[in-house]
2 protein chains.
Amino acid sequence: MTDAYIVGAGQSPFGSFPEETYRTLFREAYEAATPTDLTPTDVDEAFVGTLGVGGRQIGLAGPAVTEHVGLHGVPCTRVENACAASGSALRQAVMAVESGMADLVLAGGVEVMTDASAEATKYWLGVSGETEWERMAGTTFSGVYAQMADAYLREYDAPRRALSAVAAKSHANGARNPKAHLGFECSIEDAETAAVVADPLTLYHCCPTSDGAAAVLVAGEEAARSFDDRVRVAGVGAVSDRVGLFQRDTYTAIPATESAAETAYDRASLADPRVDLDFAEVHDCFAIAELLAYEDLGFCDRGEAADLALEGVTAADGDLPVNTSGGLKAKGHPIGATGAGQAVEAFDQLTGRAGERQLDDPERGLTHNVGGSGGAAVVHVFEAEGVTGA
Amino acid sequence: MTDAYIVGAGQSPFGSFPEETYRTLFREAYEAATPTDLTPTDVDEAFVGTLGVGGRQIGLAGPAVTEHVGLHGVPCTRVENACAASGSALRQAVMAVESGMADLVLAGGVEVMTDASAEATKYWLGVSGETEWERMAGTTFSGVYAQMADAYLREYDAPRRALSAVAAKSHANGARNPKAHLGFECSIEDAETAAVVADPLTLYHCCPTSDGAAAVLVAGEEAARSFDDRVRVAGVGAVSDRVGLFQRDTYTAIPATESAAETAYDRASLADPRVDLDFAEVHDCFAIAELLAYEDLGFCDRGEAADLALEGVTAADGDLPVNTSGGLKAKGHPIGATGAGQAVEAFDQLTGRAGERQLDDPERGLTHNVGGSGGAAVVHVFEAEGVTGA
């Protein structure tokens with residue numbers, strides 16, 4: 001079985017782009033991810049993650065965007081796992097390569113969100129959570145994650161300031177990312193004193209809704225040779241869980257993340273993420289989600305995530321930088337594009353293209369993409385060229 | 001690389017079930033497809049095809065149904081290619097097995113459509129076609145396929161009666177399928193004289209909107225050994241095309257079907273479908289779609305499909321029976337369930353479970369699933385146990 005490699009990755013800016021459509025945004029990501037001499041017929045297969053671009057294209061949402069970059073004639077499938085849509089699309093691309101059905105596969109994602117009314121956005125996100133009880137009880141995603149935050153802070157007697165430290169770190173990173181939606185700094189005090197969205201979460205503890213697209217080109221060993229940059233997909237893991245938070249056993253962990261990470265680490269022969277990883281892009285739709293990710297992904301023991309954030313361990317200059325891109329918080333969160341966008345940052349870091357955010361020769365990084373409040377999770381481990389085994 | 005086998009397949013009845021939900025329908029299909037001693041933890045992966053069950057669950061639509069049958073903890077991904085959603089899900093399952101990532105995979109689909117208003121259905125189906133021009137111009141799927149029918153009848157000077165012969169055949173088969181939505185006979189005259197939906201298509205030339213679910217269990221060679229019935233997936237092909245009919249070069253063919261069939265036949269080493277296939281389940285959302293499928297799939301030359309239908313070649317007792325299940329026309333068309341439902345009929349025919357519709361020892365059959373008016377197509381070739389090579 002062939003290994004899978006990322007041989008190109010790129011994204012549109014994330015933000016509010018009323019003059020763009022989901023097709024033009026996707027084209028921008030496609031062009032950023034692929035060499036100019038690549039012809040669409042070189043691509044064997046495509047997977048597109050999207051929630052349905054806000055109702056503009058619910059069916060055939062994959063072919064509707066890939067035809068716009070000339071990929072009609074290629075098998076194209078839309079993949080959806082809510083906010084983990086394009087993390088799942090990327091996993092499908094790896095699967096396609098490993099199955100031998102394809103040598104060169106495009107995985108991408110796109111969403112247009114900012115031109116919708118607050119009501120429409122509430123509907124579209126609402127029907128991506130647990131619809132029978134949580135949504136009907138009026139609970140939004142902010143409300144679900146606020147329950148998790150409240151439970152976490154109580155269980156470990158942790159200060160809300162830890163959430164604000166996560167936000168400040170994300171904004172510090174995002175301010176150095178020209179593609180970020182919210183590319184400005186925010187202090188811990190700013191986050192602490194901002195308007196409350198859902199107690200204990202303030203505005204700066206919540207990611208924005210964004211427009212944007214991201215794309216990744218995945219190749220088998222043979223096809224990868226003709227590309228200048230190669231990042232090996234060392235491991236991948238995914239799992240689904242009960243969609244509703246109230247149906248799960250814990251409010252202070254996302255079991256799907258733990259399980260997906262276990263599989264990915266096993267495949268990547270990664271013994272200790274604290275030692276073996278040089279950076280991670282985690283799913284921080286709300287600041288609490290990043291704290292839970294630290295623990296679920298094994299970056300620290302249970303109850304220690306707040307300290308990691310407050311002590312700067314996960315800052316860009318810390319021992320394990322998390323969300324150098326700015327994360328969902330500052331880079332933005334165009335649902336379908338987020339997972340592929342995380343892989344863009346990993347590719348850029350591992351190939352030395354991360355500009356002002358570039359880490360010092362990272363060898364191995366992780367991406368972590370969550371659907372809903374934990375109904376699905378996908379974890380990828382990537383290795384720079386020449387690195388073999390953790 | 002391991003071969004993939006269908007080791008179980010089943011469906012709910014297709015029809016109008018106001019007392020059921022998408023979850024209960026999916027459970028019915030799951031239970032029909034899996035042995036009673038199968039525990040959910042035996043399943044390694046799941047793919048669910050759905051258009052979003054009419055807006056009830058747009059995001060995490062996969063995990064939302066699989067959790068209901070106990071599959072939380074298993075990677076579950078929703079796959080969407082409009083009406084080819086679960087044909088695509090089945091192909092993903094084959095890919096998962098062939099990649100070595102999974103040994104036992106559930107592929108299924110579900111839709112609930114009949115409780116929606118005509119306006120809501122028009123919206124949901126409308127945003128599954130070409131949304132920028134066709135939909136905005138007021139064209140529905142009936143209208144798009146009517147244009148294809150009109151072009152076909154003119155180009156080959158074929159009688160509309162051929163469309164009615166397709167409808168009468170589908171209803172004759174559907175009347176022998178206890179799971180069919182429209183399980184009654186309809187004569188050619190009935191179809192000829194029914195109300196016109198979109199000229200030249202009458203009511204009986206159009207499939208119904210249905211509620212229903214279907215599921216298929218796919219296994220690698222190793223895992224397949226522990227099941228009593230095995231049907232080999234001899235070949236699979238898929239392709240996407242431009243979503244809008246007006247963007248394509250022809251109105252009298254679906255190029256995606258031709259291309260997907262070419263790939264599937266090549267992988268199945270199938271030289272001549274007229275000789276090598278014993279039956280086929282083709283995508284007959286409208287009667288014209290079945291005629292085009294005969295030609296696109298190579299069952300006859302261009303312009304000969306009307307004769308095939310009128311001469312009874314594709315009737316249950318003809319040389320190449322098509323849609324023994326009743327097809328989308330009579331069995332029904334719950335969008336996301338249709339592709340997997342076709343595989344259920346193929347499995348039943350190849351394992352001798354098709355009851356009144358059972359063909360005489362068929363060895364090899366085909367399923368053909370189309371998204372939209374041809375924006376995507378998926379073709380599978382299946383072989384009965386013991387049959388090797390065409």
# chains A, B, ... in the order shown; residues from 1 in each chain; ligands from 1
call {"tool": "interface_residues", "arguments": {"of": "chain B", "to": "chain A", "cutoff": "8 Å", "atoms": "only C-alpha atoms", "output": "count of residues only"}}
result
51
call {"tool": "closest_residue", "arguments": {"among": "A:Gly312, A:Gly8, A:Gly318, A:Gly143", "to": "Leu359 (chain A)", "atoms": "only C-alpha atoms"}}
result
A:Gly318
call {"tool": "residues_around", "arguments": {"residues": "Cys300 (chain B)", "least_positions_apart": "6", "cutoff": "10 Å", "atoms": "only C-alpha atoms", "output": "PyMOL selection string"}}
result
chain B and resi 273-274+291+293-294+306-308
call {"tool": "closest_residue", "arguments": {"among": "A:Ala120, A:Leu25, A:Ala198, A:Ala287", "to": "Thr139 (chain A)", "atoms": "only C-alpha atoms"}}
result
A:Ala198
call {"tool": "residues_around", "arguments": {"residues": "Glu363 (chain B)", "least_positions_apart": "2", "cutoff": "8 Å", "atoms": "only C-alpha atoms", "output": "ChimeraX atom specification"}}
result
/B:277-278,350,361,365,383-384,387
call {"tool": "select_by_dssp", "arguments": {"residues": "region 156-363 of chain B", "states": "strand (DSSP E)", "output": "list in words"}}
result
Val196, Val197, Ala198, Leu201, Thr202, Gly212, Ala213, Ala214, Ala215, Val216, Leu217, Val218, Ala219, Gly220, Val231, Arg232, Val233, Ala234, Gly235, Val236, Gly237, Ala238, Val239, Ser240, Phe279, Ala280 and Glu281 of chain B
call {"tool": "atom_distance", "arguments": {"atom1": "CA of Met113 (chain B)", "atom2": "CA of Ala340 (chain B)"}}
result
17.0 Å
call {"tool": "closest_residue", "arguments": {"among": "B:Leu297, B:Ala264, B:Val110, B:Ala118", "to": "Ala280 (chain B)", "atoms": "only C-alpha atoms"}}
result
B:Leu297
call {"tool": "select_by_dssp", "arguments": {"residues": "region 70-142 of chain A", "states": "alpha helix (DSSP H)", "output": "NGL selection string"}}
result
:A and (85-99 or 118-126 or 141-142)
